[in-house]
Amino acid sequence: MTLQNDLQSALGFLNQGKFKQALKQSKGGMKRHKSHPDFPNIAGISLSGLGKHRDAVPYFKKALALAPGFHDARKNLAQTLLFLQQGEQAMKLLERVLKDQPGDQAALYLQAQAHLVMNAPEAAIETATAALARDPRQPRMLRLRATAWNTLGDEKATLADYQAALKVNPNDADALQSASLLLARLMRQDEATEAAQKAVAVAPQNIEARRRLASQLISNGDAAAARGHCLAILELDPKDTQVLEMLARISSREQNAELLPVAQKALKAAAPRSLDRANVSFALARIADQAGDKDAFAAHNDEANACMAAQNPYDYEESERQFSRIMAAFPAEITPADTAPEGPRPIYVVGMPRSGTTLTETVIGLHPDVFPLGERGVPAFLLHPFIDKNQDFTPEAARNFVTEDISRLPEMPEGTAAYVDKMPDNYRLLGHLLTAYPDARFVHLCRDPRDVALSIWRGYFSGSSLTYAYDLKAMAHRFNLYGRLMQHWRQVMPGRIYDLRYESFVTDIEGESRKLADFCGLEWVEDMAHPERHEGQVLTLSNTQVRQTAHTRSIGKWEKYANVLAPFIDGLDPEIWPEIKG
């Protein structure tokens, strides 16, 4: 074959996404045309397309050895190194490209990507912004800058870039689904649903778009519609264990009985201690629980949690260090700032996950002058240097925190007097939050730790922030740290924390909601005794329970699983948790 025929054949397969055939053709071309750099370059692209990034590297290097000025091969090598998380090596290659071709948008995109790999989101934003100044109609660059903003915890800036990408291409399914999630976090429920629906409409085969829509519909309380999209995902990919877990969570007992053979088959295919196995085991635990099979429920839950613990092990020593740093930063009674910032005052609802924080936010949020914001990650992100790096929270630092925190609040209705942030883990931040917001209210959910542990143990938490949730001994360790820290806050924040007993709350929702309103500086309204009237989205595991009338069915439920919870119960410090002494 001639050089031109060999090249056309290899490129033809490559352009069709037939990477194995392209690899075969390019290797043949390399033998016949030893000095031509295109063939090793095509071989490298083909291997990278097959996911064999390490194998691709030598081919790109060979292409560059044959043609040192072959910048396309240099960019391909840089991209492959980024797949391998080798940001510094990729950056050196890209600097060489940009020295010769300063306006190369593909190289600038890869350079911004390299900054992200090197954990430098600010530099990624700077590079992307400079590239967009040359050509603002670059959806890919806008999406990348959005990723960088998201890394910095700036949800508004992230959303703005996704929306800018959608102005260029309104049918960009990736931007639509990403914007949907941001809109949901900013409590723009209808817009979040609309964006997710459009993503599915323009790309019905896009699994992530359907997953986002299903999640949003669950948050909206429309489990039936969400189930339809989950089933559609399984049709597209029968091996998708993530949607299997979601489907089992929202299906009825009868529906899950039909799902059982699918889940059992998926379990056999799942690798030991894998995330897939965790997903399937959580699904099987839900199915067994509905069927009344207590032993199977416990066995599947244990398996699921063991898999998750293997994926995200709990760091005992770092947890000890972090809590010690927090208490050391506030050794005496806290003096709040002299003046409160203008605008709605914050009401922080804190506690352990599954302790009743969602119910509490719902009750407070039913007041017409209060805007519920769900679980905001912004305060923890902004306070990270003071929590984890031991920086001094000076008055100036507190003022800067308030300015930045307020700038990232979503828009609220006119006349809003207060907003609720129910991020449970904010219990670690109470000292910083009181220092910064003198008019803040702090509501702390107190619940029998054994019931909380049971609810955590049986739940699936996405992400890696709750690593203690999957190991009962680790959970006891974290509960003891949490209990000790709350004791400390009560000493240095006298009268500023309202301890709301969950068991009393659900037993007398009207009486307790009156006390809660009084503490929050609100005039009680009758809706606050009816959390089932809540119509907004709920983005947590409590999205089904919170729409029910308050009940006491979960009180003392731990007793049925006392043997399973034994490692947790045995690890609790009775001086911190006196309720376990009996």
# chains A, B, ... in the order shown; residues from 1 in each chain; ligands from 1
$ residues_around --residues "His33 in chain A" --least-positions-apart "2" --cutoff "12 Å" --atoms "only C-alpha atoms" --output "VMD selection string"
chain A and resid 1 to 7 25 to 31 35 to 40 66
$ residues_around --residues "Ala309 in chain A" --least-positions-apart "2" --cutoff "12 Å" --atoms "only C-alpha atoms" --output "number ranges by chain"
A: 273-275, 278, 302-307, 311-315, 457, 460-461, 464-475
$ closest_residue --among "A:Arg325, A:Arg408, A:His367, A:Lys268" --to "Leu429 in chain A" --atoms "only C-alpha atoms"
A:Arg325
$ residues_around --residues "Lys18 in chain A" --least-positions-apart "5" --cutoff "10 Å" --atoms "only C-alpha atoms" --output "list in words"
Ala10, Leu11, Gly12, Phe13, Leu23, Ser46, Gly49 and Leu50 of chain A
$ residues_around --residues "range 356-366 of chain A" --least-positions-apart "6" --cutoff "8 Å" --atoms "only C-alpha atoms" --output "ChimeraX atom specification"
/A:349-350,372,374,419-422,424,445,447,502,513,516-517,527-531,534,540,542,546
$ atom_distance --atom1 "CA of Ala398 in chain A" --atom2 "CA of Ala436 in chain A"
5.2 Å
$ closest_residue --among "A:Ser554, A:Gln8, A:Asn150, A:Gln16" --to "Gly377 in chain A" --atoms "only C-alpha atoms"
A:Asn150
$ atom_distance --atom1 "CA of Leu186 in chain A" --atom2 "CA of Thr339 in chain A"
27.1 Å
$ select_by_dssp --residues "range 343-528 of chain A" --states "strand (DSSP E or B)" --output "list in words"
Arg345, Pro346, Ile347, Tyr348, Val349, Val350, Val370, Phe371, Pro372, Ala418, Tyr419, Val420, Asp421, Arg441, Phe442, Val443, His444, Leu445, Cys446, Ile497, Tyr498, Asp499, Leu500 and Arg501 of chain A
$ write_last_selection --atoms "N, CA, C and O atoms" --output "mmCIF file, in the first residue's frame"
data_model
loop_
_atom_site.group_PDB
_atom_site.id
_atom_site.type_symbol
_atom_site.label_atom_id
_atom_site.label_comp_id
_atom_site.auth_asym_id
_atom_site.auth_seq_id
_atom_site.Cartn_x
_atom_site.Cartn_y
_atom_site.Cartn_z
ATOM 1 N N ARG A 345 -30.757 36.709 58.867
ATOM 2 C CA ARG A 345 -29.835 36.092 59.808
ATOM 3 C C ARG A 345 -29.822 34.576 59.583
ATOM 4 O O ARG A 345 -30.826 33.976 59.205
ATOM 5 N N PRO A 346 -28.680 33.943 59.820
ATOM 6 C CA PRO A 346 -28.607 32.498 59.624
ATOM 7 C C PRO A 346 -29.122 31.712 60.823
ATOM 8 O O PRO A 346 -28.927 32.106 61.978
ATOM 9 N N ILE A 347 -29.805 30.626 60.534
ATOM 10 C CA ILE A 347 -30.195 29.639 61.549
ATOM 11 C C ILE A 347 -29.506 28.341 61.155
ATOM 12 O O ILE A 347 -29.796 27.763 60.108
ATOM 13 N N TYR A 348 -28.557 27.907 61.967
ATOM 14 C CA TYR A 348 -27.809 26.689 61.666
ATOM 15 C C TYR A 348 -28.416 25.508 62.430
ATOM 16 O O TYR A 348 -28.543 25.550 63.659
ATOM 17 N N VAL A 349 -28.802 24.489 61.697
ATOM 18 C CA VAL A 349 -29.334 23.258 62.283
ATOM 19 C C VAL A 349 -28.254 22.196 62.152
ATOM 20 O O VAL A 349 -27.869 21.833 61.034
ATOM 21 N N VAL A 350 -27.755 21.729 63.278
ATOM 22 C CA VAL A 350 -26.597 20.836 63.263
ATOM 23 C C VAL A 350 -26.878 19.564 64.053
ATOM 24 O O VAL A 350 -27.865 19.461 64.785
ATOM 25 N N VAL A 370 -39.000 32.726 56.498
ATOM 26 C CA VAL A 370 -37.755 31.943 56.538
ATOM 27 C C VAL A 370 -37.553 31.229 55.204
ATOM 28 O O VAL A 370 -38.501 30.710 54.616
ATOM 29 N N PHE A 371 -36.307 31.211 54.745
ATOM 30 C CA PHE A 371 -35.975 30.534 53.489
ATOM 31 C C PHE A 371 -35.052 29.354 53.795
ATOM 32 O O PHE A 371 -33.926 29.550 54.258
ATOM 33 N N PRO A 372 -35.492 28.120 53.555
ATOM 34 C CA PRO A 372 -34.632 26.953 53.820
ATOM 35 C C PRO A 372 -33.659 26.718 52.677
ATOM 36 O O PRO A 372 -34.049 26.658 51.521
ATOM 37 N N ALA A 418 -34.820 35.323 57.809
ATOM 38 C CA ALA A 418 -33.791 34.356 58.201
ATOM 39 C C ALA A 418 -33.733 33.245 57.166
ATOM 40 O O ALA A 418 -34.690 32.986 56.447
ATOM 41 N N TYR A 419 -32.577 32.610 57.107
ATOM 42 C CA TYR A 419 -32.453 31.414 56.268
ATOM 43 C C TYR A 419 -31.932 30.263 57.128
ATOM 44 O O TYR A 419 -31.283 30.487 58.160
ATOM 45 N N VAL A 420 -32.222 29.051 56.697
ATOM 46 C CA VAL A 420 -31.785 27.868 57.438
ATOM 47 C C VAL A 420 -30.711 27.139 56.641
ATOM 48 O O VAL A 420 -30.892 26.835 55.464
ATOM 49 N N ASP A 421 -29.603 26.859 57.291
ATOM 50 C CA ASP A 421 -28.543 26.011 56.733
ATOM 51 C C ASP A 421 -28.503 24.762 57.614
ATOM 52 O O ASP A 421 -28.143 24.841 58.780
ATOM 53 N N ARG A 441 -28.553 31.822 65.014
ATOM 54 C CA ARG A 441 -29.181 30.874 65.942
ATOM 55 C C ARG A 441 -28.613 29.490 65.639
ATOM 56 O O ARG A 441 -28.392 29.140 64.472
ATOM 57 N N PHE A 442 -28.402 28.703 66.705
ATOM 58 C CA PHE A 442 -27.830 27.370 66.550
ATOM 59 C C PHE A 442 -28.759 26.340 67.185
ATOM 60 O O PHE A 442 -28.968 26.354 68.405
ATOM 61 N N VAL A 443 -29.326 25.485 66.342
ATOM 62 C CA VAL A 443 -30.235 24.437 66.800
ATOM 63 C C VAL A 443 -29.503 23.115 66.657
ATOM 64 O O VAL A 443 -29.075 22.737 65.556
ATOM 65 N N HIS A 444 -29.377 22.415 67.778
ATOM 66 C CA HIS A 444 -28.627 21.158 67.796
ATOM 67 C C HIS A 444 -29.582 19.990 68.035
ATOM 68 O O HIS A 444 -30.288 19.961 69.032
ATOM 69 N N LEU A 445 -29.607 19.044 67.104
ATOM 70 C CA LEU A 445 -30.475 17.872 67.223
ATOM 71 C C LEU A 445 -29.832 16.826 68.117
ATOM 72 O O LEU A 445 -28.705 16.373 67.857
ATOM 73 N N CYS A 446 -30.539 16.463 69.174
ATOM 74 C CA CYS A 446 -30.084 15.419 70.085
ATOM 75 C C CYS A 446 -30.990 14.198 69.898
ATOM 76 O O CYS A 446 -32.221 14.324 70.017
ATOM 77 N N ILE A 497 -26.895 27.761 72.184
ATOM 78 C CA ILE A 497 -27.247 26.522 71.483
ATOM 79 C C ILE A 497 -28.570 25.991 72.018
ATOM 80 O O ILE A 497 -28.736 25.846 73.236
ATOM 81 N N TYR A 498 -29.491 25.711 71.133
ATOM 82 C CA TYR A 498 -30.780 25.131 71.515
ATOM 83 C C TYR A 498 -30.723 23.633 71.254
ATOM 84 O O TYR A 498 -30.676 23.194 70.104
ATOM 85 N N ASP A 499 -30.676 22.844 72.317
ATOM 86 C CA ASP A 499 -30.650 21.392 72.187
ATOM 87 C C ASP A 499 -32.072 20.884 72.003
ATOM 88 O O ASP A 499 -32.880 20.898 72.937
ATOM 89 N N LEU A 500 -32.367 20.435 70.803
ATOM 90 C CA LEU A 500 -33.708 19.945 70.470
ATOM 91 C C LEU A 500 -33.693 18.425 70.502
ATOM 92 O O LEU A 500 -33.008 17.783 69.704
ATOM 93 N N ARG A 501 -34.453 17.861 71.417
ATOM 94 C CA ARG A 501 -34.510 16.406 71.565
ATOM 95 C C ARG A 501 -35.429 15.818 70.503
ATOM 96 O O ARG A 501 -36.622 16.133 70.463
#
$ residues_around --residues "range 72-79 of chain A" --least-positions-apart "5" --cutoff "7 Å" --atoms "only C-alpha atoms" --output "PyMOL selection string"
chain A and resi 41+57+60+63-64+90+93-94+107+110
$ residues_around --residues "Val168 in chain A" --least-positions-apart "6" --cutoff "8 Å" --atoms "only C-alpha atoms" --output "number ranges by chain"
A: 137-139
$ write_last_selection --atoms "all heavy atoms" --output "tab-separated table (two decimals), in the first residue's frame"
chain	number	residue	atom	x	y	z
A	137	ARG	N	-16.67	32.06	22.67
A	137	ARG	CA	-17.61	31.01	22.27
A	137	ARG	C	-16.91	29.64	22.27
A	137	ARG	O	-16.72	29.00	21.22
A	137	ARG	CB	-18.19	31.33	20.90
A	137	ARG	CG	-19.03	32.60	20.89
A	137	ARG	CD	-19.57	32.89	19.51
A	137	ARG	NE	-20.48	31.82	19.04
A	137	ARG	CZ	-21.75	31.71	19.39
A	137	ARG	NH1	-22.29	32.60	20.22
A	137	ARG	NH2	-22.49	30.73	18.91
A	138	GLN	N	-16.52	29.23	23.46
A	138	GLN	CA	-15.86	27.94	23.63
A	138	GLN	C	-16.55	27.16	24.75
A	138	GLN	O	-16.15	27.27	25.91
A	138	GLN	CB	-14.38	28.13	23.98
A	138	GLN	CG	-13.53	28.78	22.92
A	138	GLN	CD	-12.07	28.76	23.32
A	138	GLN	OE1	-11.41	27.73	23.32
A	138	GLN	NE2	-11.57	29.92	23.71
A	139	PRO	N	-17.57	26.39	24.44
A	139	PRO	CA	-18.30	25.66	25.50
A	139	PRO	C	-17.39	24.75	26.34
A	139	PRO	O	-17.54	24.66	27.55
A	139	PRO	CB	-19.32	24.84	24.72
A	139	PRO	CG	-19.50	25.56	23.43
A	139	PRO	CD	-18.17	26.17	23.12
$ closest_residue --among "A:Ile387, A:Ala453, A:Leu284, A:Ala133" --to "Ala299 in chain A" --atoms "only C-alpha atoms"
A:Leu284
$ select_by_dssp --residues "range 51-219 of chain A" --states "helix (DSSP H, G or I)" --output "ChimeraX atom specification"
/A:53-66,71-83,87-100,105-117,121-134,139-151,155-168,173-185,189-202,207-219
